[in-house]
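Asker: Okay, here's the structure, questions in a sec.
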Amino acid sequence: MAARIGLVKQLHCALLKTKLSALSAGIRRCSALSNSESHKEFTSKRVRRKFIEFFKEGYEHRFVPSSAVRPRGDATLLFVNAGMNQFKPILLGCPDPRSEMVSYRRVVNSQKCVRAGGKHNDLEDVGKDVYHHTFFEMLGNWSFGDYFKVEACAMAWSLLTEEYGIPADRLYISYFSGDAVNGLPADEETRQIWLSMGVRLDHVLPFGMKDNFWEMGETGPCGPCTEIHYDHIGNRNAASLVNADSPDVVEIWNLVFMQYNREVNGNLRPLPQCSVDTGMGLERLVTVLQGKRSNYDTDLFTPLLSAIHQCSKAPAYQGRTGEADVGQVDMAYRVVADHIRTLCVCIADGVYPGMTGAELVLRRILRRAVRFSTEVLQAPEGALASLVPTVAHILGEAYPELHIESERIMDLINQNEVQFLSSLKQGRRVIDRTLSNMDKDSTVFPASVAWSLHRNLGFPLDLIDLMLEEKGKMVDKKEMTVLENEYEKLRFQSEEDNGNRVDQLDLHSLAELQSQGVPYTDDSQKYCYSLGSDGQYVFQPCRASVLALYCDGSLVSEVSEGQRCGVILDRTSFYAEQGGQAHDQGFFTKDGLQDVLFPVKSVRLAGGYVVHQVTAAETLRTGDQVQLHLDEASRLGCMVKHTTTHLLNFALRELLGPSVNQRGSHCTASRLRFDFSVKGSLSVSELQQVEELVQHVIRQNAEVHVEEVPLSKAKQITGLRTIDEVYPDPVRVVSVAVPVSDLLNSNTTEQASVELCCGTHLLRTGAIRDFVIVSERQMVNGISRILAVTGDEAKKARETGQALQEELESLAVQVGAASSLSIPAAQMLSKEVGLLMNAVEITPIPQWQRRELQTRLKAMQKTSNTTIRKLEIKEAAFKAKELLVKHSNKRVVVDLIQTESISVLMKTVLQLSKSTPDSMVMLLSHLQLSGKVLCACQVPKGSASGSAIKWAHSVCARLGGNADGSTDVAKGVGNAASLTDITDILHWAEEFAQNKIRKAS
């Protein structure tokens, strides 16, 4: 280590010798600047631009635009929450060798980040202080195997003190002090670098694992970090306040030196190549450069706070916190300002408020913003959405998608606000009803009810606490913690069950393969197929050599029978899952053992290597020769569905316009799923038109053209459809009906389906044969999901739809004549309508036809219910008339009538009570086959002689049953074995009522 430090010192001196004197002068000059002089010119836009230009122009960094806040293919994250997320493939050693990313050495960017879920969750803290945010921008510079500690520290110091003019004496440096448990020495190398650059000894401070050792997660690349802290006060020694949670001394930049990999067993292992990952929050940096103490006092927020004030009834923002913030008005300002930024950025990147994962988190953010906007700031409905143009003005220069998507963002916010305000009313009713049923002396509100409001109605937990606090109640926190833990456990299990269980190559194994010269897998044969003379697809056979075996986290030369392993071949015809297409299925056979099959469970890509997951059916060794046997039916099914997905994407855009954007897709051999952005569900007519557009191209039997093209040229194609992905270079362009060369040369005005795609496709569209959309529904506001089938499944769906149509027509005739039926027959007919409604709901049929059938069935159900009600009223009137003659002028009427309908029984009681308003009426009906006894009763309104519910409950309890209702009207059910029992209960019921009358008089 000492030798290493000495070498570093020499390198550092050689690198910075000519700059040290100028750097020192610059530091002194910057220290002497007054706040007013140094902060005037630094708008947030200029601060961001200067950061990028400093590294791009001064140190040859490549500018890489921010990725979307929805992580690309990373199931471990809800949102991108750090600058390194989009570069994880490089850090893990597995970037696509054909992609631009593999060439990255020095990179700079400003990354959009959201910390509102998972490990990093600042949601509940936003608003309480002046520096927490759910959305923030992370400025970062990167070195992937290029420069390391010396250069990173020198660049950072130069930028802060020379370019931004921050006084050097206000900056404090922390470095890693070592950790005996992990066997890590102190990072003396970094300490010496800072000291040699002129940083004062008492400004360079050691800290342990918690503060100065950065880890990606429980496993993966990690290393010591050095942080730069800023003292807002100045002219003092603030060393004791570093990493002490002091608002006066804050961290502004973290320089992470990726030196190790945390293994599954917890051990640290040196990385094959070292990298630098730095992150500086733009909001904190702007606060420093603009001479403010609060992020919310900078130009990133002040226009928003002003706009909020103008559309609310609250006093202007004062920047108060804690007890000084009376009524939480300033907290509400900060919550709304922060949350509207997050909403705009997320929705622009395709994350819409919903019910699971990131969508659920965004839904909570939106509802929290609505609550503070409407209830605390007294802003009118729609005020939240009116802030969107202000956000676009502040951030749109760096993130132009905010301007493009402004209208969609406003629509979604308004729709969700209306829904939440409706839920708010419903939730208040639930809380009030729960409180009315609670013991008046109890102050503890049931956690199960609070959790239901939170999960099902989207109530923020802090809102529930506030509403209960106003009524002197509180949620049972222990029970709430149990419910939250149970939910998280189930969610984690679900993620585990649905997760990728394939053994992925770790970065050390990838580095080992590369160091041994093991070539990347040649998977070009997955595209080697043709149409035979009989019109059937012919797939070329593939023989391969086993180059590597991966088992239990390491490369091995041999696996035994029964062992699960990853097999890397020199070539393969199997398609690895990517681009929304499922992996191929099939098996290997080994030379000399043709009868022994090695089934391929899954196929995945890892940094240029195709990993086939198999369970060895016999001993398998590196160097073995194998024959690959593709499941051709499954492959062809995937090809059909993938080409159909392209046609569907094209048809939707043709019909609905350029605002339609793909938000996800998945193709298997049996079905395709396509998610896209659209306002509301498609109409019946639109569904029919989309199907017809796709079927038109199928009937044309159009040729599918595929060509590899340089990425820069491909992006110039008019009408090209892309999604937020890192594409290889060159890239495959898939065009239907129009040759790619014509598109590149602009030799055609014909509209075509043209996409960048790595998937396997048909050679002609005729093989699709038929296409039916069997489901289309809004997943969340603004995102719709289509499920579709092709070929025989599509034909079957059409035939089934026609059969259900014919069944409906038959039922419609019967419903039209139902007024002449008996009540049981009419009820049976209504039940048949309900069963057909269920069948239409769950059976795969054309979605447009499903919508039409559902509309007609709902009308039929309404007609049927009206008919039954009329028949019941008619029968009840007849029975009441008979009973009136039999029991005229009686104070208590108790009798037995014949009906199997509790509705008829109730209607008869009501009719009879209407004719004898001063009588207590109870009617029973004995269902002899089941032994059940139906009971209904009514007492005069405001009667002092008894309660209907008590009367019904007492009678039904004697029959082993129960009742419900009110003091005036009630109904119930019990059981009786014989008519004698019924006679006894009739006498008992009458005597019960007579006793009540006698007591009342």
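As shown in the structure tokens, the chain order sets the letters A, B, ...; within each chain, residues go from 1, and ligands are also counted from 1 in the order they appear.
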List as an mmCIF file with C-alpha atoms, in the first residue's frame the protein and nucleic acid residues near Ala993 (chain A), meaning an atom at most 10 Å away when only C-alpha atoms are counted, but skip any in the same chain fewer than 3 places from it.
Answerer:
```
data_model
loop_
_atom_site.group_PDB
_atom_site.id
_atom_site.type_symbol
_atom_site.label_atom_id
_atom_site.label_comp_id
_atom_site.auth_asym_id
_atom_site.auth_seq_id
_atom_site.Cartn_x
_atom_site.Cartn_y
_atom_site.Cartn_z
ATOM 1 C CA ARG A 891 -103.415 -4.683 15.840
ATOM 2 C CA VAL A 892 -101.072 -7.606 15.156
ATOM 3 C CA VAL A 893 -101.027 -9.517 11.860
ATOM 4 C CA VAL A 894 -98.909 -12.690 11.805
ATOM 5 C CA MET A 920 -97.738 -4.632 13.367
ATOM 6 C CA VAL A 921 -97.300 -7.040 10.417
ATOM 7 C CA MET A 922 -95.112 -10.162 10.186
ATOM 8 C CA VAL A 939 -94.217 -1.854 12.542
ATOM 9 C CA SER A 945 -94.898 -0.767 20.997
ATOM 10 C CA GLY A 946 -91.859 -2.379 19.406
ATOM 11 C CA SER A 947 -88.952 -2.493 16.971
ATOM 12 C CA ALA A 948 -89.127 -4.415 13.700
ATOM 13 C CA TRP A 951 -89.105 -8.630 16.528
ATOM 14 C CA TRP A 988 -95.000 -17.192 19.531
ATOM 15 C CA ALA A 989 -94.408 -14.261 17.128
ATOM 16 C CA GLU A 990 -97.929 -12.932 17.666
ATOM 17 C CA LYS A 996 -94.847 -5.352 23.444
ATOM 18 C CA ILE A 997 -98.171 -3.573 22.862
ATOM 19 C CA ARG A 998 -99.347 -4.303 26.404
ATOM 20 C CA LYS A 999 -96.076 -3.011 27.904
#
```
Asker: Just the residues within 9 Å of Asn295 (chain A), please, counting only C-alpha atoms, with nothing from its chain fewer than 3 positions along; format it as a PyMOL selection string.
Answerer: chain A and resi 130-132+283-288+292+298-301
Asker: Using DSSP secondary structure from the backbone, list all strand (DSSP E or B) positions within region 755-926 of chain A, as number ranges by chain.
Answerer: A: 755-756, 764, 771-780, 783-790, 892-896, 920-926
Asker: List as a ChimeraX atom specification the protein and nucleic acid residues near region 807-819 of chain A, meaning an atom at most 12 Å away when only C-alpha atoms are counted, but skip any in the same chain fewer than 5 places from it.
Answerer: /A:800-802,824-837,839-840,850,852-872,874
Asker: I'd like to know which of A:Glu618, A:Asp631, A:Glu479, A:Asp96 is closest to Leu605 (chain A), using only C-alpha atoms.
Answerer: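 Checking each candidate against Leu605 (chain A), we get A:Asp96 as the closest.
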Asker: Could you check which of A:Lys679, A:His629, A:Arg320, A:Arg769 is closest to Gln695 (chain A), using only C-alpha atoms?
Answerer: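 Between A:Lys679, A:His629, A:Arg320, A:Arg769, the residue approaching Gln695 (chain A) most closely is A:Arg769.
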Asker: Quick one: residues within 12 Å of Tyr59 (chain A), only C-alpha atoms counted, chain neighbours fewer than 6 positions away excluded, as a count of residues only?
Answerer: 19
Asker: Excluding Leu402 (chain A) and residues on its chain fewer than 3 positions from it, collect all residues at most 6 Å away from it, counting only C-alpha atoms, and give them as a ChimeraX atom specification.
Answerer: /A:348,392,396,405-406
Asker: Would you save the residues from that selection as a PDB file, in the first residue's frame, using C-alpha atoms?
Answerer:
```pdb
ATOM      1  CA  ALA A 348     -43.360  12.106 -19.472  1.00  0.00           C
ATOM      2  CA  ALA A 392     -41.731  22.408 -18.328  1.00  0.00           C
ATOM      3  CA  GLY A 396     -37.652  21.600 -20.365  1.00  0.00           C
ATOM      4  CA  GLU A 405     -45.919  15.521 -23.136  1.00  0.00           C
ATOM      5  CA  SER A 406     -47.363  18.547 -21.268  1.00  0.00           C
TER       6      SER A 406
END
```
Asker: Residues at most 10 Å from Pro247 (chain A), counting only C-alpha atoms, excluding those fewer than 5 positions away in the same chain, as a ChimeraX atom specification?
Answerer: /A:129-131,231-232,241,293-294
Asker: I want to know what sits within 6 Å of region 546-562 of chain A, based on only C-alpha atoms, with residues of the same chain fewer than 5 positions away left out; could you give that as a list in words?
Answerer: Val567, Ile568, Leu569, Thr615, Ala616, Ala617, Glu618, Thr619, Leu620, Arg621, Thr622, Gly623 and Asp624 of chain A
Asker: Looking at only C-alpha atoms, which of A:Ser240, A:Asp202, A:Tyr175, A:Arg408 is the one that sits closest to Cys225 (chain A)?
Answerer: A:Tyr175
Asker: Take CA of Gln514 (chain A) and CA of Asp570 (chain A) and report the distance between them in Å, one decimal.
Answerer: 13.5 Å
Asker: Ranking A:Gly281, A:Gly961, A:Gly382, A:Gly354 by minimum distance to Ser110 (chain A) and counting only C-alpha atoms, which one comes first?
Answerer: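 Checking each candidate against Ser110 (chain A), we get A:Gly281 as the closest.
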